[in-house]
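The structure appears below as structure tokens.
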Amino acid sequence: MRAAHPATRPGDESRDRAYAAPGGHPAGDAEAETAPAGTAPRSGADGGPWWRDAVCYELYPRSFADGDGDGTGDLRGATARLDHLAALGVDAVWITPFYPSPLADGGYDISDHTAVAPELGTLDDWDALTARAHALGLRVLVDLVPNHTSAAHPWFREALAAPAGDEARDRYVFRDGRGPGGLTPPNDWLSAFGGPAWTRVPGDGPGTGDAQWYLHLHTPHQPDLNWRNPAVAAEFERIIRFWLDHGADGFRVDVAHTLFKAHGLPDAGHGQHTEPHRNHLMPYHDQEELHPLYRRWRAVLDSHPGADGTAAVGERLLVGEVILFDQRRLARYVRPGEMGHVLNFAWTDAPWEGRALRAVIGDTVAATDAVGAPATWTLSSHDTPRPVSRFGGGERGARRARAAALLTLALPGAAYVYQGEELGLPQAHVAEDRRRDPVWELSGHTDQGRDGCRVPLPWQGRTSPYGFSEAPPEDCWFPPPDDWAPLTVDAQHRDPGSVLSLYRAALRLRRAHPPRRTGGLRLLGPESGEWLGFDRGPGLRCLVNFGPAALPLDPADEVLLSSEPLPGHLLPPDTTVWLRPGPR
């Protein structure tokens with residue numbers, strides 16, 4: 001979870017169909033949408049853990065598929081649509097929070113970490129989802145949110161009713177205020193969503209002796225837990241084991257860099273949430289105590305019995321949402337015995353510019369190679385603008401998003417695909433009276449927030465909500481745009497030039513061409529970044545043209561896949577091609 005980027009203006013959104021033409025490869029062979037049951041989950045390319053080079057699909061349940069017709073996506077709807085993911089060719093599905101929540105922050109404010117929100121289904125529905133996913137060969141990752149709870153959580157309600165110094169308050173971060181009567185927050189920390197990171201306890205006041213403030217690095221409805229309290233650590237081990245018993249194959253850990261705060265809670269100073277490259281210097285980020293905790297969780301995952309009753313050493317995955325931009329510090333979270341993946345926000349936030357992307361690739365691969373871990377590449381998520389809009393909107397943005405997808409999927413390591421990327425969806429405009437993201441209110445209506453990437457997926461049909469729900473569009477989680485009919489799964493399914501066909505072809509080729517495990521990654525092309533290239537392995541070379549003019553390709557190279565049609569043997573601007581190098 002992170003604060004929103006500046007929202008894309010409605011006029012920047014793509015209104016045209018996103019086409020992708022595979023040069024020389026039958027991307028649109030229109031494989032059956034329904035994948036056969038009983039597919040065995042695959043191992044890693046070299047017999048190592050499956051997750052080293054996996055592609056994971058992020059599923060936001062409230063906007064994925066509605067199974068009961070009430071307008072909100074749910075677990076039954078997701079289960080019914082898992083065939084789409086199996087046919088796409090991903091290895092795992094990460095499901096964002098489906099827990100009971102007042103929805104102050106899209107479900108990341110949790111009131112019960114071991115239950116299913118009633119509007120999303122039941123625990124039996126969850127078990128049915130994991131069973132179906134496993135039958136299709138998909139692993140399932142649960143979104144674990146350990147930094148905070150909802151203000152509606154029983155623990156926090158108990159804390160509010162308790163006096164200062166009580167054990168109930170020690171499970172959270174309560175402190176006396178500064179100044180006369182304790183009316184000033186304990187320090188200068190700011191919320192990632194705007195404003196102070198402290199809220200005064202309701203009902204407390206000067207002279208009561210109990211006038212305290214509680215910490216919330218996000219909204220005031222998300223009080224931060226005190227990770228130095230043993231009860232908190234014990235509770236989350238219980239939560240982890242609970243979901244392992246219910247079929248989880250791993251966990252994505254929300255804001256995994258924030259759990260521990262520096263002793264004494266010193267002031268943070270300038271640059272909070274505005275200079276992300278200094279994140280690792282903030283007293284509420286990247287504390288050393290995090291690493292023993294994640295080693296402990298890694299041991300729990302390895303020792304907890306699998307489906308056959310034996311320990312699942314190395315098979316379960318921990319993924320960290322660690323919003324750090326110093327790649328060497330980021331790589332510390334994926335050292336042996338800790339996490340398997342760490343989300344790479346330097347890649348997610350990089351502009352469509354060759355020099356910048358080249359630098360992120362080089363820094364990422366060098367840092368992860370140094371600790372023997374796979375790099376991880378993520379174009380977008382439920383927190384970020386969709387690539388089509390982020391890269392310029394319209395056809396230019398759609399073209400760059402297709403090129404970025406092939407570049408991302410060719411890189412060695414793991415990749416994450418956010419729902420709708422495989423359809424080329426742009427950021428949707430959400431009317432002011434329908435916005436749910438707390439960023440909208442907390443910014444004083446200056447930041448549109450993240451709702452535009454959380455609009456329901458279009459599945460089929462010519463009119464909104466395109467098979468997402470039987471409810472009318474105005475009753476859906478968000479009403480899908482009226483011009484998305486060309487972008488539905490059904491419309492793209494048998495079109496060899498569609499974005500969906502491009503993703504399916506890319507994922508098949510990616511699996512057929514595992515990355516080389518030794519020798520590192522040698523980047524080709526000029527430092528100035530007009531074009532960029534590298535060999536994924538001996539049979540797949542990736543080239544990207546960022547410059548203004550077409551680049552000639554070697555006639556000896558066979559084109560396997562391209563993000564745009566190739567005129568002759570030329571690589572147009574804003575285009576990526578995968579080649580089989582010919583003899584030299």
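The chains in the structure tokens are called A, B, ... from first to last as shown; in each chain the residues are counted from 1, and the ligands are counted from 1 in the order shown.
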List the spatial neighbours of region 386-392 of chain A as a ChimeraX atom specification - criterion: any atom at most 8 Å away, only C-alpha atoms, same-chain residues fewer than 2 positions off excluded. /A:8,12-14,351-352,379-381,384,394,396-401,421,424-427,453
Distance query Pro479 (chain A) at most 12 Å, only C-alpha atoms, self and fewer than 4 positions along chain excluded, as a PyMOL selection string: chain A and resi 63+71-72+428-431+433-435+451-452+454-458+463-466+468-469+471-475+483-484
* Asked: Within 12 Å of Glu275 (chain A), counting only C-alpha atoms, which residues qualify if same-chain residues fewer than 4 places away don't, as a list in words?
  -> Ala192, Gly269, His270, Gly271, Asn279, His280, Leu281, Met282, Ile323, Leu324 and Phe325 of chain A
Output N, CA and C atoms for every residue in that selection, as an mmCIF file, in the first residue's frame.
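Now in result.cif:
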data_model
loop_
_atom_site.group_PDB
_atom_site.id
_atom_site.type_symbol
_atom_site.label_atom_id
_atom_site.label_comp_id
_atom_site.auth_asym_id
_atom_site.auth_seq_id
_atom_site.Cartn_x
_atom_site.Cartn_y
_atom_site.Cartn_z
ATOM 1 N N ALA A 192 1.464 8.976 5.039
ATOM 2 C CA ALA A 192 1.705 8.827 3.598
ATOM 3 C C ALA A 192 0.557 9.386 2.779
ATOM 4 N N GLY A 269 12.139 14.943 10.015
ATOM 5 C CA GLY A 269 12.689 16.038 9.226
ATOM 6 C C GLY A 269 12.078 16.124 7.846
ATOM 7 N N HIS A 270 12.806 16.755 6.940
ATOM 8 C CA HIS A 270 12.256 17.023 5.603
ATOM 9 C C HIS A 270 12.289 15.770 4.724
ATOM 10 N N GLY A 271 11.557 15.826 3.654
ATOM 11 C CA GLY A 271 11.577 14.751 2.648
ATOM 12 C C GLY A 271 10.617 13.620 2.887
ATOM 13 N N ASN A 279 13.809 7.311 1.461
ATOM 14 C CA ASN A 279 12.939 6.524 2.342
ATOM 15 C C ASN A 279 13.717 5.744 3.394
ATOM 16 N N HIS A 280 14.854 5.174 2.993
ATOM 17 C CA HIS A 280 15.597 4.327 3.923
ATOM 18 C C HIS A 280 16.186 5.108 5.090
ATOM 19 N N LEU A 281 16.152 6.434 5.019
ATOM 20 C CA LEU A 281 16.678 7.258 6.098
ATOM 21 C C LEU A 281 15.608 7.655 7.110
ATOM 22 N N MET A 282 14.357 7.374 6.821
ATOM 23 C CA MET A 282 13.278 7.779 7.703
ATOM 24 C C MET A 282 13.215 6.870 8.939
ATOM 25 N N ILE A 323 9.109 -0.262 -0.009
ATOM 26 C CA ILE A 323 9.184 0.923 -0.866
ATOM 27 C C ILE A 323 10.489 1.656 -0.570
ATOM 28 N N LEU A 324 11.572 1.050 -1.034
ATOM 29 C CA LEU A 324 12.912 1.623 -0.949
ATOM 30 C C LEU A 324 13.480 1.705 -2.356
ATOM 31 N N PHE A 325 14.288 2.721 -2.605
ATOM 32 C CA PHE A 325 14.839 2.911 -3.942
ATOM 33 C C PHE A 325 16.353 2.719 -3.982
#
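The nearest approach to Gln492 (chain A) among the residues A:Pro118, A:Gly547, A:Gly461, A:Gly337, with only C-alpha atoms taken into account, belongs to A:Gly461.
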* Identify, on the basis of only C-alpha atoms, every residue whose closest approach to Glu432 (chain A) does not exceed 9 Å; exclude the query and any residue fewer than 5 positions from it along the same chain; express the result as a count of residues only. => 3
One residue among A:Val489, A:Leu343, A:Leu524, A:Ala405 is nearest to His257 (chain A) when using only C-alpha atoms, and that residue is A:Leu343
Report task. From a DSSP pass on the backbone, collect the residues of region 374-478 of chain A flagged as alpha helix (DSSP H) and hand them back as number ranges by chain. Result -> A: 387-390, 394-410, 438-442
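You will find CA of His341 (chain A) at 14.2 Å from CA of Val93 (chain A).
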